[in-house]
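Raw contents of target.cif, mmCIF, C-alpha atoms:
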```cif
data_protein
#
loop_
_atom_site.group_PDB
_atom_site.id
_atom_site.type_symbol
_atom_site.label_atom_id
_atom_site.label_comp_id
_atom_site.auth_asym_id
_atom_site.auth_seq_id
_atom_site.Cartn_x
_atom_site.Cartn_y
_atom_site.Cartn_z
ATOM 1 C CA MET A 1 124.689 86.718 122.010
ATOM 2 C CA MET A 2 123.019 88.863 119.362
ATOM 3 C CA ILE A 3 120.960 87.742 116.359
ATOM 4 C CA THR A 4 122.820 88.806 113.251
ATOM 5 C CA ARG A 5 120.323 88.235 110.440
ATOM 6 C CA LEU A 6 116.922 86.936 109.456
ATOM 7 C CA ARG A 7 117.245 83.619 107.622
ATOM 8 C CA GLN A 8 113.745 82.695 106.614
ATOM 9 C CA VAL A 9 110.107 83.763 106.692
ATOM 10 C CA VAL A 10 107.606 80.884 106.933
ATOM 11 C CA LEU A 11 104.051 81.044 105.626
ATOM 12 C CA ASP A 12 101.526 78.385 106.639
ATOM 13 C CA THR A 13 99.114 77.367 103.912
ATOM 14 C CA THR A 14 96.738 74.610 102.900
ATOM 15 C CA ASP A 15 98.341 74.556 99.419
ATOM 16 C CA ALA A 16 102.103 75.012 99.717
ATOM 17 C CA ARG A 17 102.786 74.584 95.989
ATOM 18 C CA ALA A 18 100.191 77.151 94.882
ATOM 19 C CA LEU A 19 101.338 79.779 97.398
ATOM 20 C CA ALA A 20 105.012 79.169 96.603
ATOM 21 C CA GLU A 21 104.258 79.581 92.895
ATOM 22 C CA PHE A 22 102.444 82.876 93.577
ATOM 23 C CA TYR A 23 105.440 84.330 95.440
ATOM 24 C CA ARG A 24 107.978 82.793 93.046
ATOM 25 C CA GLN A 25 106.370 84.666 90.171
ATOM 26 C CA LEU A 26 105.686 87.864 92.141
ATOM 27 C CA LEU A 27 109.206 88.144 93.558
ATOM 28 C CA GLY A 28 111.304 86.469 90.861
ATOM 29 C CA MET A 29 112.664 83.847 93.257
ATOM 30 C CA TYR A 30 113.667 80.249 92.558
ATOM 31 C CA TYR A 31 113.134 76.944 94.337
ATOM 32 C CA ARG A 32 115.726 75.412 96.615
ATOM 33 C CA PRO A 33 117.164 72.345 94.842
ATOM 34 C CA GLY A 34 114.750 69.456 95.301
ATOM 35 C CA ASP A 35 111.713 71.702 95.800
ATOM 36 C CA GLU A 36 111.005 72.328 92.104
ATOM 37 C CA PRO A 37 107.534 71.330 90.824
ATOM 38 C CA THR A 38 107.181 67.829 89.461
ATOM 39 C CA ALA A 39 105.819 67.014 86.011
ATOM 40 C CA ALA A 40 102.059 67.387 85.590
ATOM 41 C CA GLY A 41 100.233 64.404 87.022
ATOM 42 C CA GLU A 42 103.242 63.181 89.030
ATOM 43 C CA PRO A 43 103.211 63.012 92.859
ATOM 44 C CA ASP A 44 104.562 66.176 94.533
ATOM 45 C CA PRO A 45 105.909 65.051 97.938
ATOM 46 C CA ALA A 46 107.766 68.318 98.581
ATOM 47 C CA GLY A 47 104.642 70.337 97.769
ATOM 48 C CA ALA A 48 102.678 68.344 100.316
ATOM 49 C CA ASP A 49 105.061 69.305 103.128
ATOM 50 C CA TRP A 50 107.582 72.149 102.958
ATOM 51 C CA LEU A 51 108.931 74.305 100.109
ATOM 52 C CA VAL A 52 111.634 76.971 100.103
ATOM 53 C CA LEU A 53 112.168 79.870 97.686
ATOM 54 C CA ARG A 54 115.481 81.683 97.404
ATOM 55 C CA ARG A 55 116.738 84.815 95.745
ATOM 56 C CA GLY A 56 120.438 84.278 96.281
ATOM 57 C CA PRO A 57 123.063 83.079 98.772
ATOM 58 C CA GLY A 58 122.838 84.714 102.178
ATOM 59 C CA ARG A 59 119.510 86.376 101.438
ATOM 60 C CA VAL A 60 116.225 85.845 103.257
ATOM 61 C CA GLN A 61 114.295 82.822 102.055
ATOM 62 C CA LEU A 62 110.538 82.303 101.940
ATOM 63 C CA ALA A 63 109.319 78.918 103.143
ATOM 64 C CA PHE A 64 105.853 77.424 102.740
ATOM 65 C CA GLN A 65 104.601 74.892 105.253
ATOM 66 C CA GLN A 66 101.637 72.695 104.402
ATOM 67 C CA VAL A 67 98.950 72.637 107.125
ATOM 68 C CA ALA A 68 95.655 70.748 107.238
ATOM 69 C CA SER A 69 93.543 73.850 107.838
ATOM 70 C CA LEU A 70 94.039 77.560 108.232
ATOM 71 C CA PRO A 71 91.337 80.084 109.133
ATOM 72 C CA GLU A 72 91.024 82.837 106.551
ATOM 73 C CA VAL A 73 92.442 86.106 107.828
ATOM 74 C CA THR A 74 89.789 88.802 108.271
ATOM 75 C CA TRP A 75 92.284 91.587 109.044
ATOM 76 C CA PRO A 76 91.872 94.515 109.372
ATOM 77 C CA ASP A 77 88.276 93.813 110.446
ATOM 78 C CA GLY A 78 86.921 90.689 112.052
ATOM 79 C CA PRO A 79 87.984 87.994 114.475
ATOM 80 C CA VAL A 80 90.981 86.424 112.650
ATOM 81 C CA ALA A 81 94.138 88.521 112.962
ATOM 82 C CA GLN A 82 96.916 88.471 110.389
ATOM 83 C CA GLN A 83 99.578 85.871 111.114
ATOM 84 C CA LEU A 84 102.213 87.483 108.919
ATOM 85 C CA HIS A 85 102.552 90.661 106.872
ATOM 86 C CA LEU A 86 105.143 91.156 104.123
ATOM 87 C CA ASP A 87 106.139 94.665 103.007
ATOM 88 C CA LEU A 88 107.470 94.884 99.448
ATOM 89 C CA THR A 89 108.802 98.086 97.921
ATOM 90 C CA VAL A 90 109.241 99.729 94.544
ATOM 91 C CA GLU A 91 111.054 102.978 93.797
ATOM 92 C CA THR A 92 108.488 104.967 91.794
ATOM 93 C CA PRO A 93 104.727 105.458 91.482
ATOM 94 C CA ALA A 94 104.934 104.107 87.922
ATOM 95 C CA GLU A 95 106.489 100.870 89.253
ATOM 96 C CA LEU A 96 103.760 100.725 91.904
ATOM 97 C CA ALA A 97 101.066 100.872 89.214
ATOM 98 C CA SER A 98 102.813 98.177 87.174
ATOM 99 C CA GLU A 99 103.347 95.844 90.152
ATOM 100 C CA HIS A 100 99.751 96.422 91.238
ATOM 101 C CA GLU A 101 98.459 95.048 87.940
ATOM 102 C CA ARG A 102 100.948 92.171 88.061
ATOM 103 C CA ALA A 103 99.988 91.216 91.635
ATOM 104 C CA LEU A 104 96.290 91.183 90.727
ATOM 105 C CA GLY A 105 97.037 89.122 87.621
ATOM 106 C CA LEU A 106 98.861 86.533 89.743
ATOM 107 C CA GLY A 107 95.902 86.148 92.090
ATOM 108 C CA ALA A 108 96.350 88.765 94.821
ATOM 109 C CA ARG A 109 93.142 90.266 96.215
ATOM 110 C CA LEU A 110 93.119 94.034 96.836
ATOM 111 C CA LEU A 111 92.247 94.946 100.446
ATOM 112 C CA ARG A 112 93.107 98.660 100.492
ATOM 113 C CA ASP A 113 94.061 101.231 97.861
ATOM 114 C CA LEU A 114 96.228 103.933 99.402
ATOM 115 C CA SER A 115 98.057 104.695 96.159
ATOM 116 C CA ALA A 116 97.091 108.373 96.312
ATOM 117 C CA ASP A 117 98.797 108.908 99.690
ATOM 118 C CA PRO A 118 101.314 111.737 99.064
ATOM 119 C CA GLU A 119 103.820 110.499 101.684
ATOM 120 C CA GLU A 120 103.755 106.738 101.173
ATOM 121 C CA PRO A 121 101.664 105.458 98.250
ATOM 122 C CA LEU A 122 100.761 101.800 98.729
ATOM 123 C CA TYR A 123 98.391 98.934 98.090
ATOM 124 C CA VAL A 124 97.409 96.308 100.654
ATOM 125 C CA TYR A 125 96.591 92.848 99.313
ATOM 126 C CA ALA A 126 95.775 89.342 100.454
ATOM 127 C CA ASP A 127 97.798 86.574 98.827
ATOM 128 C CA PRO A 128 95.955 83.437 97.614
ATOM 129 C CA ALA A 129 96.117 81.973 101.159
ATOM 130 C CA GLY A 130 94.749 85.196 102.681
ATOM 131 C CA HIS A 131 98.018 86.531 104.176
ATOM 132 C CA PRO A 132 98.130 90.338 103.896
ATOM 133 C CA PHE A 133 101.040 91.999 102.122
ATOM 134 C CA CYS A 134 101.808 95.523 100.930
ATOM 135 C CA ILE A 135 103.568 97.012 97.959
ATOM 136 C CA PHE A 136 104.592 100.598 98.526
ATOM 137 C CA VAL A 137 106.833 103.296 97.127
ATOM 138 C CA ALA A 138 110.116 103.684 98.994
ATOM 139 C CA PRO A 139 112.665 105.554 96.847
ATOM 140 C CA ALA A 140 116.219 104.195 97.001
#
```

Once you've parsed the file, please lay out its structure as structure tokens.
Amino acid sequence: MMITRLRQVVLDTTDARALAEFYRQLLGMYYRPGDEPTAAGEPDPAGADWLVLRRGPGRVQLAFQQVASLPEVTWPDGPVAQQLHLDLTVETPAELASEHERALGLGARLLRDLSADPEEPLYVYADPAGHPFCIFVAPA
């Protein structure tokens, strides 16, 4: 038997709703039916357990699993290794600059600026839960 496709990437977090919202806005995804945020002040049972974001049928989903505690990643230096690393791409340096500002505005923390690299310009960030991710230029 051979694995034919990746179905889902799961991120552990101590605040599933906040991390899902970060990636929903960054990636333009939508909640799986039933996982949408509740009205302000209302209980959020899905957000206290497991949330799924989708982009479309048959495409990879992002899932967010609530955990009681999670050590902050210190990668690339320090004792706590990354548990997951997402690579996101844009097609041009201008898009990289635009997405860089957008990621920071949504709450990403810049870890490395390699945007001047002539072969593969990129930025390395930590998401609000501390998971590293990159945005880099990869022409179509």

Checklist entry - If the PyMOL selection byres ((chain A and resi 20-36) around 8) is run on the structure shown, which residues does it catch, given as a VMD selection string? => result chain A and resid 16 to 19 37 to 38 46 to 47 51 to 55 63 to 64 102 to 103 106 to 107 127 to 128

Can I get the selection written as an mmCIF file, in the coordinates of the input, with C-alpha atoms?
```
data_model
loop_
_atom_site.group_PDB
_atom_site.id
_atom_site.type_symbol
_atom_site.label_atom_id
_atom_site.label_comp_id
_atom_site.auth_asym_id
_atom_site.auth_seq_id
_atom_site.Cartn_x
_atom_site.Cartn_y
_atom_site.Cartn_z
ATOM 1 C CA ALA A 16 102.103 75.012 99.717
ATOM 2 C CA ARG A 17 102.786 74.584 95.989
ATOM 3 C CA ALA A 18 100.191 77.151 94.882
ATOM 4 C CA LEU A 19 101.338 79.779 97.398
ATOM 5 C CA PRO A 37 107.534 71.330 90.824
ATOM 6 C CA THR A 38 107.181 67.829 89.461
ATOM 7 C CA ALA A 46 107.766 68.318 98.581
ATOM 8 C CA GLY A 47 104.642 70.337 97.769
ATOM 9 C CA LEU A 51 108.931 74.305 100.109
ATOM 10 C CA VAL A 52 111.634 76.971 100.103
ATOM 11 C CA LEU A 53 112.168 79.870 97.686
ATOM 12 C CA ARG A 54 115.481 81.683 97.404
ATOM 13 C CA ARG A 55 116.738 84.815 95.745
ATOM 14 C CA ALA A 63 109.319 78.918 103.143
ATOM 15 C CA PHE A 64 105.853 77.424 102.740
ATOM 16 C CA ARG A 102 100.948 92.171 88.061
ATOM 17 C CA ALA A 103 99.988 91.216 91.635
ATOM 18 C CA LEU A 106 98.861 86.533 89.743
ATOM 19 C CA GLY A 107 95.902 86.148 92.090
ATOM 20 C CA ASP A 127 97.798 86.574 98.827
ATOM 21 C CA PRO A 128 95.955 83.437 97.614
#
```

Checklist entry - If you count all atoms listed in the file, which residues fall within 9 Å of Pro139 (chain A), apart from same-chain ones fewer than 4 positions away, as number ranges by chain? => result A: 89-92

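Between CA of Gln83 (chain A) and CA of Thr13 (chain A) the separation is 11.2 Å.
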
Item to check | Residues within 7 Å of Asp12 (chain A), all atoms listed in the file, excluding chain neighbours under 4 positions, as a PyMOL selection string | outcome: chain A and resi 64-67

Next on the checklist: To one decimal place in Å, what is the distance between CA of Leu84 (chain A) and CA of Pro45 (chain A)?
Outcome noted: 25.2 Å

List, as an mmCIF file with C-alpha atoms, in the coordinates of the input, every residue that the PyMOL selection byres ((chain A and resi 111) around 10) selects in the file provided.
```cif
data_model
loop_
_atom_site.group_PDB
_atom_site.id
_atom_site.type_symbol
_atom_site.label_atom_id
_atom_site.label_comp_id
_atom_site.auth_asym_id
_atom_site.auth_seq_id
_atom_site.Cartn_x
_atom_site.Cartn_y
_atom_site.Cartn_z
ATOM 1 C CA TRP A 75 92.284 91.587 109.044
ATOM 2 C CA PRO A 76 91.872 94.515 109.372
ATOM 3 C CA ALA A 108 96.350 88.765 94.821
ATOM 4 C CA ARG A 109 93.142 90.266 96.215
ATOM 5 C CA LEU A 110 93.119 94.034 96.836
ATOM 6 C CA ARG A 112 93.107 98.660 100.492
ATOM 7 C CA ASP A 113 94.061 101.231 97.861
ATOM 8 C CA LEU A 114 96.228 103.933 99.402
ATOM 9 C CA TYR A 123 98.391 98.934 98.090
ATOM 10 C CA VAL A 124 97.409 96.308 100.654
ATOM 11 C CA TYR A 125 96.591 92.848 99.313
ATOM 12 C CA ALA A 126 95.775 89.342 100.454
ATOM 13 C CA PRO A 132 98.130 90.338 103.896
ATOM 14 C CA PHE A 133 101.040 91.999 102.122
ATOM 15 C CA CYS A 134 101.808 95.523 100.930
#
```

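Going from CA of Pro57 (chain A) over to CA of Ala40 (chain A), you cover 29.3 Å.
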
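With only C-alpha atoms as the atoms that count, the residue of A:Glu42, A:Glu72, A:Asp15, A:Asp49 with the shortest distance to Gly130 (chain A) is A:Glu72.
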
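Using all atoms listed in the file for every distance, the candidate list A:Pro93, A:Glu119, A:Ala48, A:Gly56 yields A:Gly56 as the residue closest to Arg7 (chain A).
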
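Proximity ranking of A:Ala81, A:Leu70, A:Val137, A:Leu86 relative to Thr14 (chain A) places A:Leu70 first, based on only C-alpha atoms.
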
As AutoDock Vina command-line options: centre and edge lengths in Å, one decimal, of the axis-aligned box holding region 67-77 of chain A with 4 Å per side:
```
--center_x 93.6 --center_y 82.6 --center_z 108.5 --size_x 18.7 --size_y 31.8 --size_z 11.9
```

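Among the candidates A:Gly78, A:Gly58, A:Pro121, A:Pro71, the residue lying nearest to Ile135 (chain A) is A:Pro121 (atoms considered: only C-alpha atoms).
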